[in-house]
Amino acid sequence: SIDMQQTRYDFKSEWYEPFSGIERIAFRYGQVDYQHTEIEGGSPFTTFRNDVGEGRFEIDHKLLTNFSGSFGAQWTNRDFSALGIETFVPETTQNTLGLFTTQQLLLGDWTIKAGLRTEKTSLDPKVNQLVLRRSALPPIALPDQFEYQADSAALSLRWDFTDETALTLSLNRSKRSPDLQELLSLGPHLATQNFEIGNIALKNETANVVDLGFEWQSERLSVSLDAYYNWTDSYIY
């Protein structure tokens with residue numbers, strides 16, 4: 001069985017058309033304090049704690065009649081642990097800061113959209129090694145800090161060559177830093193009936209997608225066809 005507790009606080013604020021060319025300024029922040037204990041045979045086995053604060057600031061603009069977009073920042077502060085009879089994941093602090101922009105340009109029959117995001121993540125484990133008690137596995141030495149930078153980009157083109165028909169092309173390359181559980185897990189996770197072993201040598205996972213589409217629409221019927229190809233480098237399982 002599982003004994004769970006969660007407390008959540010959310011704040012959201014938006015300011016519409018504060019200045020010429022600026023359509024919206026938005027800010028939101030959320031704080032979640034989560035804990036659950038896995039109970040086996042009437043006794044607590046492992047307690048998971050996940051305290052997360054996440055904020056986002058965003059500015060939407062329309063500087064020209066055919067040019068619009070947004071700029072923003074997003075940050076996360078996370079304290080996580082999974083401790084008990086067996087230490088599944090050590091107490092770890094994770095800090096993430098991301099900067100992003102999305103832009104759209106209209107040029108006649110063409111619509112061009114582009115997006116960029118850069119994200120920096122640091123993880124600070126509160127132990128210097130991973131140890132599985134009552135096991136012959138040797139301890140796994142940990143660095144003082146893990147640091148990652150993930151840069152992503154997207155571009156799409158749309159050509160409305162008639163009032164009813166359009167062609168689209170999308171290119172996307174996104175990177176994801178490994179999660180702390182993917183790095184630092186070592187031990188049994190009874191709720192999922194798994195024995196999980198992280199990998200402290202993991203690198204960023206990179207996903208690439210190319211998509212070519214065709215759209216046709218009349219008053220009563222629409223048709224959409226897509227052909228896409230995707231591949232992933234340094235896939236994290």
# chains A, B, ... in the order shown; residues from 1 in each chain; ligands from 1
>>> residues_around(residues="A:Leu155", least_positions_apart="4", cutoff="9 Å", atoms="only C-alpha atoms", output="PDB file with N, CA, C and O atoms, in the first residue's frame")
ATOM      1  N   ILE A 112       6.100  31.341 -41.846  1.00  0.00           N
ATOM      2  CA  ILE A 112       7.372  30.818 -41.326  1.00  0.00           C
ATOM      3  C   ILE A 112       7.333  30.884 -39.810  1.00  0.00           C
ATOM      4  O   ILE A 112       7.073  31.940 -39.226  1.00  0.00           O
ATOM      5  N   LYS A 113       7.579  29.754 -39.168  1.00  0.00           N
ATOM      6  CA  LYS A 113       7.636  29.698 -37.716  1.00  0.00           C
ATOM      7  C   LYS A 113       8.982  29.125 -37.281  1.00  0.00           C
ATOM      8  O   LYS A 113       9.505  28.202 -37.913  1.00  0.00           O
ATOM      9  N   ALA A 114       9.541  29.687 -36.210  1.00  0.00           N
ATOM     10  CA  ALA A 114      10.830  29.218 -35.700  1.00  0.00           C
ATOM     11  C   ALA A 114      10.821  29.281 -34.180  1.00  0.00           C
ATOM     12  O   ALA A 114      10.155  30.133 -33.577  1.00  0.00           O
ATOM     13  N   GLY A 115      11.556  28.377 -33.573  1.00  0.00           N
ATOM     14  CA  GLY A 115      11.664  28.357 -32.124  1.00  0.00           C
ATOM     15  C   GLY A 115      13.052  27.945 -31.685  1.00  0.00           C
ATOM     16  O   GLY A 115      13.707  27.118 -32.334  1.00  0.00           O
ATOM     17  N   LEU A 169       6.296  21.917 -44.147  1.00  0.00           N
ATOM     18  CA  LEU A 169       7.556  21.232 -43.861  1.00  0.00           C
ATOM     19  C   LEU A 169       8.016  21.661 -42.471  1.00  0.00           C
ATOM     20  O   LEU A 169       8.106  22.861 -42.182  1.00  0.00           O
ATOM     21  N   SER A 170       8.300  20.672 -41.618  1.00  0.00           N
ATOM     22  CA  SER A 170       8.735  20.960 -40.248  1.00  0.00           C
ATOM     23  C   SER A 170      10.032  20.229 -39.952  1.00  0.00           C
ATOM     24  O   SER A 170      10.191  19.045 -40.284  1.00  0.00           O
ATOM     25  N   LEU A 171      10.964  20.953 -39.336  1.00  0.00           N
ATOM     26  CA  LEU A 171      12.238  20.394 -38.893  1.00  0.00           C
ATOM     27  C   LEU A 171      12.369  20.657 -37.400  1.00  0.00           C
ATOM     28  O   LEU A 171      12.145  21.785 -36.942  1.00  0.00           O
ATOM     29  N   ASN A 172      12.727  19.640 -36.644  1.00  0.00           N
ATOM     30  CA  ASN A 172      12.798  19.779 -35.189  1.00  0.00           C
ATOM     31  C   ASN A 172      13.981  18.990 -34.653  1.00  0.00           C
ATOM     32  O   ASN A 172      14.154  17.816 -34.989  1.00  0.00           O
TER      33      ASN A 172
END
>>> closest_atom_pairs(of="stretch 131-201 of chain A", to="stretch 90-96 of chain A", cutoff="10 Å", atoms="only C-alpha atoms", output="CSV")
residue,atom,partner,partner_atom,distance
A:Val131,CA,A:Pro90,CA,9.8
A:Gln145,CA,A:Thr93,CA,9.8
A:Phe146,CA,A:Gln94,CA,9.3
A:Glu147,CA,A:Asn95,CA,9.8
A:Tyr148,CA,A:Thr96,CA,9.4
A:Gln149,CA,A:Thr96,CA,9.6
A:Asp179,CA,A:Gln94,CA,9.3
A:Leu180,CA,A:Thr92,CA,7.8
A:Gln181,CA,A:Pro90,CA,9.3
A:Leu184,CA,A:Pro90,CA,7.2
A:Ser185,CA,A:Pro90,CA,7.9
A:Leu186,CA,A:Pro90,CA,8.9
>>> residues_around(residues="A:Ser177", least_positions_apart="3", cutoff="8 Å", atoms="only C-alpha atoms", output="ChimeraX atom specification")
/A:121,148-150,203-205
>>> residues_around(residues="A:Phe57", least_positions_apart="5", cutoff="9 Å", atoms="only C-alpha atoms", output="list in words")
Ile25, Ala26, Phe27, Arg28, Tyr29, Phe71, Gly72, Ala73 and Gln74 of chain A
>>> select_by_dssp(residues="stretch 62-215 of chain A", states="strand (DSSP E or B)", output="PyMOL selection string")
chain A and resi 62-64+67-84+89-107+110-125+129-130+140-141+146-159+165-176+186-189+194-197+205-215
>>> residues_around(residues="stretch 42-49 of chain A", least_positions_apart="6", cutoff="10 Å", atoms="only C-alpha atoms", output="VMD selection string")
chain A and resid 1 to 6 33 to 36 79 to 89 91 188 to 191
>>> residues_around(residues="A:Thr232", least_positions_apart="2", cutoff="9 Å", atoms="only C-alpha atoms", output="NGL selection string")
:A and (205-209 or 230 or 234-235)
>>> residues_around(residues="stretch 18-21 of chain A", least_positions_apart="2", cutoff="10 Å", atoms="only C-alpha atoms", output="PyMOL selection string")
chain A and resi 15-16+23-25+60-65+68
>>> write_last_selection(atoms="N, CA and C atoms", output="CSV table (one decimal), in the first residue's frame")
chain,number,residue,atom,x,y,z
A,15,TRP,N,-0.9,40.4,-17.9
A,15,TRP,CA,-1.1,41.9,-18.2
A,15,TRP,C,-1.2,42.0,-19.7
A,16,TYR,N,-2.4,42.4,-20.1
A,16,TYR,CA,-2.7,42.4,-21.6
A,16,TYR,C,-2.5,43.8,-22.1
A,23,GLU,N,1.6,42.3,-26.6
A,23,GLU,CA,0.2,41.8,-26.5
A,23,GLU,C,-0.1,41.3,-25.1
A,24,ARG,N,1.0,40.7,-24.4
A,24,ARG,CA,0.7,40.1,-23.1
A,24,ARG,C,2.0,39.9,-22.4
A,25,ILE,N,2.0,40.1,-21.1
A,25,ILE,CA,3.1,39.8,-20.2
A,25,ILE,C,2.5,38.8,-19.1
A,60,ASP,N,4.6,38.1,-25.0
A,60,ASP,CA,4.1,37.9,-26.3
A,60,ASP,C,4.0,39.3,-27.0
A,61,HIS,N,4.6,39.3,-28.2
A,61,HIS,CA,4.6,40.6,-29.0
A,61,HIS,C,4.0,40.4,-30.4
A,62,LYS,N,3.6,41.6,-30.9
A,62,LYS,CA,3.2,41.7,-32.3
A,62,LYS,C,3.8,43.0,-32.8
A,63,LEU,N,5.1,43.0,-33.1
A,63,LEU,CA,5.8,44.2,-33.5
A,63,LEU,C,5.3,44.8,-34.8
A,64,LEU,N,4.9,43.9,-35.7
A,64,LEU,CA,4.4,44.2,-37.0
A,64,LEU,C,3.2,43.4,-37.3
A,65,THR,N,2.4,43.9,-38.3
A,65,THR,CA,1.2,43.2,-38.6
A,65,THR,C,1.4,41.7,-39.0
A,68,SER,N,5.0,38.2,-35.3
A,68,SER,CA,4.6,38.1,-33.9
A,68,SER,C,5.4,36.9,-33.3
>>> atom_distance(atom1="atom CA of A:Phe100", atom2="atom CA of A:Ile59")
10.7 Å
>>> closest_residue(among="A:Asn66, A:Thr118, A:Ser135, A:Ser224", to="A:Asp151", atoms="only C-alpha atoms")
A:Thr118
